[in-house]
Amino acid sequence: MSEKATMIVFSGDLDKAMASFIIATGAASMGKEVTMFFTFWGLNILRKDQYVPAKKSFVESMFGKMMPRGPEKLGLSKMNFGGMGAKMMKGEMRKKNIISLPELMETAKELEIKMVACTMSMDVMGISKEELIDGLEYAGVATFLGAADESNINLFI
Amino acid sequence: MSEKATMIVFSGDLDKAMASFIIATGAASMGKEVTMFFTFWGLNILRKDQYVPAKKSFVESMFGKMMPRGPEKLGLSKMNFGGMGAKMMKGEMRKKNIISLPELMETAKELEIKMVACTMSMDVMGISKEELIDGLEYAGVATFLGAADESNINLFI
Amino acid sequence: MSEKATMIVFSGDLDKAMASFIIATGAASMGKEVTMFFTFWGLNILRKDQYVPAKKSFVESMFGKMMPRGPEKLGLSKMNFGGMGAKMMKGEMRKKNIISLPELMETAKELEIKMVACTMSMDVMGISKEELIDGLEYAGVATFLGAADESNINLFI
């Protein structure tokens with residue numbers, strides 16, 4: 001088994017975020033060095049769940065208000081029905097003792113998965129470091145490409 | 001040409017399912033050993049088109065009813081218009097003698113493409129083996145990672 | 001750093017198109033040989049922005065009219081609100097001096113990124129060469145697989 005795996009997490013949907021972290025933590029627990037590069041809507045997975053005061057333009061604060069804050073607020077990519085679908089899927093997962101997204105994210109930290117927030121996307125969407133969870137790195141596409149280049153598993157999610 | 005290609009088929013949209021099988025059968029006919037790992041909505045591609053009686057919770061049977069049963073029922077990821085778009089695209093493909101999804105799936109079997117259903121997703125969505133077509137393997141993320149690790153083409157679709 | 005990167009650009013959303021070209025131009029400027037293979041909705045990124053007369057069936061011309069013509073007309077994959085979201089995001093990007101999609105596409109040409117239009121998708125959607133921008137290559141899945149096989153970065157976007 002080679003040593004590295006890299007993922008671009010572009011999507012901010014609950015189901016795709018789940019898939020990303022299941023793959024990432026699986027790979028890390030098999031001994032791979034894993035980098036997750038969060039970009040565009042994927043940044044929403046990394047947002048703190050409370051409102052964080054930050055100086056924003058009108059458009060930025062509008063985006064900020066409308067986009068979900070953190071793993072508990074994400075919707076499904078299909079059959080979300082205004083959040084009902086996500087709620088039902090989370091309910092099913094609890095009932096069946098399947099690990100939740102916040103727990104997967106904790107596991108990712110324990111397994112020392114490198115979580116990188118794309119600075120250009122933060123700039124476009126007007127998201128500041130204070131609004132994101134702790135323990136992240138901040139970088140651009142060159143950092144992603146460097147990691148991807150050394151990985152034999154590369155996914156865009 | 002190296003020997004393996006692996007795909008995660010996360011999406012259950014007709015257009016993405018088509019893309020998956022076109023790539024998979026293309027790779028297999030060039031001599032690659034191909035693994036398709038079906039997860040979340042991708043499982044819908046593998047459902048039998050008839051109703052299969054199975055013991056389900058309320059939420060499971062609701063999901064079961066609302067999700068499409070098999071390749072003939074899938075919608076497009078864009079411009080589906082309640083199925084009209086998918087119907088029209090299939091019509092165009094027939095007119096132009098382009099291979100259909102059910103035919104691609106037959107070809108995949110003939111080419112001995114390994115089709116794996118993700119057991120964790122089956123559990124979350126309450127889908128049983130009886131509801132899926134024959135000839136599948138059943139496994140979890142470790143199996144996917146094992147295959148991906150030996151592949152030089154890895155895609156998340 | 002190895003020599004090649006290959007991307008399937010399946011999506012025709014502005015945000016995903018941006019991501020594709022940022023990664024592609026980044027990789028090319030690091031010295032990689034990059035192939036972008038445009039398929040399905042991704043072909044819309046390559047459309048000329050004016051109407052091009054072409055002999056089409058009823059369904060083809062309907063698809064042609066409803067699908068966006070070129071990078072300026074694309075919508076966001078999320079929060080598009082009939083084009084408002086895309087407009088606002090483009091506004092933010094201009095304000096922050098972030099390179100636009102048409103500029104990224106120019107850069108891609110200068111960096112000699114190979115842009116390939118999938119002929120099978122063109123056939124399905126009834127899109128002719130005249131409707132697409134200059135400087136493209138035209139090929140099918142075998143060409144993609146050949147490029148992907150020699151690449152260590154492969155993404156499906």
# chains A, B, ... in the order shown; residues from 1 in each chain; ligands from 1

$ residues_around --residues "Arg94 of chain A" --least-positions-apart "5" --cutoff "12 Å" --atoms "only C-alpha atoms" --output "number ranges by chain"
A: 87-89, 99-101, 103; B: 123-124

$ select_by_dssp --residues "chain A" --states "helix (DSSP H, G or I)" --output "ChimeraX atom specification"
/A:14-29,40-46,58-66,71-73,81-95,101-110,119-125,129-131,141-149

$ residues_around --residues "Gly64 of chain B" --least-positions-apart "5" --cutoff "9 Å" --atoms "only C-alpha atoms" --output "PyMOL selection string"
chain B and resi 56+59+69+125-127

$ closest_atom_pairs --of "chain A" --to "chain B" --cutoff "8 Å" --atoms "only C-alpha atoms" --output "JSON lines"
{"residue": "A:Met1", "atom": "CA", "partner": "B:Asp149", "partner_atom": "CA", "distance": 6.4}
{"residue": "A:Ser2", "atom": "CA", "partner": "B:Asp149", "partner_atom": "CA", "distance": 7.0}
{"residue": "A:Asp15", "atom": "CA", "partner": "B:Phe40", "partner_atom": "CA", "distance": 7.7}
{"residue": "A:Ile22", "atom": "CA", "partner": "B:Val141", "partner_atom": "CA", "distance": 7.5}
{"residue": "A:Ile23", "atom": "CA", "partner": "B:Val141", "partner_atom": "CA", "distance": 6.6}
{"residue": "A:Gly26", "atom": "CA", "partner": "B:Ala142", "partner_atom": "CA", "distance": 6.6}
{"residue": "A:Ala27", "atom": "CA", "partner": "B:Leu145", "partner_atom": "CA", "distance": 6.8}
{"residue": "A:Met88", "atom": "CA", "partner": "B:Val59", "partner_atom": "CA", "distance": 7.2}
{"residue": "A:Met89", "atom": "CA", "partner": "B:Val124", "partner_atom": "CA", "distance": 7.2}
{"residue": "A:Glu92", "atom": "CA", "partner": "B:Val124", "partner_atom": "CA", "distance": 6.3}
{"residue": "A:Met93", "atom": "CA", "partner": "B:Val124", "partner_atom": "CA", "distance": 5.9}
{"residue": "A:Lys96", "atom": "CA", "partner": "B:Val124", "partner_atom": "CA", "distance": 7.6}
{"residue": "A:Ile98", "atom": "CA", "partner": "B:Val124", "partner_atom": "CA", "distance": 7.9}
{"residue": "A:Asn152", "atom": "CA", "partner": "B:Asp149", "partner_atom": "CA", "distance": 6.6}
{"residue": "A:Ile153", "atom": "CA", "partner": "B:Asn154", "partner_atom": "CA", "distance": 6.4}
{"residue": "A:Asn154", "atom": "CA", "partner": "B:Asn154", "partner_atom": "CA", "distance": 6.7}
{"residue": "A:Leu155", "atom": "CA", "partner": "B:Phe156", "partner_atom": "CA", "distance": 5.8}
{"residue": "A:Phe156", "atom": "CA", "partner": "B:Phe156", "partner_atom": "CA", "distance": 6.3}
{"residue": "A:Ile157", "atom": "CA", "partner": "B:Phe156", "partner_atom": "CA", "distance": 6.4}

$ residues_around --residues "Thr35 of chain C" --least-positions-apart "4" --cutoff "8 Å" --atoms "only C-alpha atoms" --output "ChimeraX atom specification"
/C:4-7,113-116,147

$ write_last_selection --atoms "N, CA, C and O atoms" --output "compact mmCIF listing (two decimals), in the first residue's frame"
# COMPACT_ATOMS: atom_id res chain seq x y z
N LYS C 4 1.72 14.11 -15.95
CA LYS C 4 0.39 14.34 -16.53
C LYS C 4 -0.75 14.40 -15.50
O LYS C 4 -0.69 13.77 -14.45
N ALA C 5 -1.75 15.18 -15.87
CA ALA C 5 -2.99 15.25 -15.09
C ALA C 5 -4.15 15.24 -16.07
O ALA C 5 -4.08 15.86 -17.13
N THR C 6 -5.22 14.53 -15.71
CA THR C 6 -6.38 14.42 -16.60
C THR C 6 -7.67 14.65 -15.82
O THR C 6 -7.81 14.18 -14.70
N MET C 7 -8.56 15.40 -16.42
CA MET C 7 -9.83 15.70 -15.78
C MET C 7 -10.98 15.41 -16.72
O MET C 7 -10.92 15.78 -17.88
N ILE C 113 -3.03 23.59 -22.51
CA ILE C 113 -3.85 22.52 -21.96
C ILE C 113 -4.68 21.94 -23.09
O ILE C 113 -5.26 22.67 -23.90
N LYS C 114 -4.70 20.62 -23.17
CA LYS C 114 -5.45 19.96 -24.23
C LYS C 114 -6.93 19.89 -23.83
O LYS C 114 -7.28 19.25 -22.84
N MET C 115 -7.78 20.56 -24.58
CA MET C 115 -9.21 20.55 -24.29
C MET C 115 -9.93 19.68 -25.32
O MET C 115 -9.95 19.99 -26.50
N VAL C 116 -10.52 18.59 -24.82
CA VAL C 116 -11.14 17.61 -25.70
C VAL C 116 -12.65 17.59 -25.49
O VAL C 116 -13.12 17.48 -24.36
N ALA C 147 -5.17 9.00 -21.88
CA ALA C 147 -4.55 10.09 -21.13
C ALA C 147 -4.57 9.80 -19.63
O ALA C 147 -3.56 10.00 -18.93

$ select_by_dssp --residues "segment 66-145 of chain C" --states "strand (DSSP E)" --output "PyMOL selection string"
chain C and resi 114-118+137-139

$ write_last_selection --atoms "N, CA, C and O atoms" --output "CSV table (one decimal), in the first residue's frame"
chain,number,residue,atom,x,y,z
C,114,LYS,N,-4.7,20.6,-23.2
C,114,LYS,CA,-5.5,20.0,-24.2
C,114,LYS,C,-6.9,19.9,-23.8
C,114,LYS,O,-7.3,19.3,-22.8
C,115,MET,N,-7.8,20.6,-24.6
C,115,MET,CA,-9.2,20.5,-24.3
C,115,MET,C,-9.9,19.7,-25.3
C,115,MET,O,-10.0,20.0,-26.5
C,116,VAL,N,-10.5,18.6,-24.8
C,116,VAL,CA,-11.1,17.6,-25.7
C,116,VAL,C,-12.6,17.6,-25.5
C,116,VAL,O,-13.1,17.5,-24.4
C,117,ALA,N,-13.4,17.7,-26.6
C,117,ALA,CA,-14.9,17.6,-26.5
C,117,ALA,C,-15.2,16.1,-26.8
C,117,ALA,O,-14.8,15.6,-27.8
C,118,CYS,N,-16.1,15.6,-25.9
C,118,CYS,CA,-16.5,14.2,-26.1
C,118,CYS,C,-17.5,14.1,-27.2
C,118,CYS,O,-18.6,14.6,-27.2
C,137,GLU,N,-10.0,19.6,-29.4
C,137,GLU,CA,-9.9,18.4,-30.0
C,137,GLU,C,-11.2,17.6,-29.8
C,137,GLU,O,-11.9,17.9,-28.9
C,138,TYR,N,-11.4,16.6,-30.7
C,138,TYR,CA,-12.7,15.9,-30.7
C,138,TYR,C,-12.3,14.4,-30.5
C,138,TYR,O,-11.6,13.9,-31.4
C,139,ALA,N,-12.8,13.8,-29.5
C,139,ALA,CA,-12.5,12.3,-29.3
C,139,ALA,C,-13.5,11.7,-28.4
C,139,ALA,O,-14.4,12.3,-27.8

$ closest_residue --among "A:Leu111, A:Leu74, A:Met122, A:Met30" --to "Thr143 of chain B" --atoms "only C-alpha atoms"
A:Met30
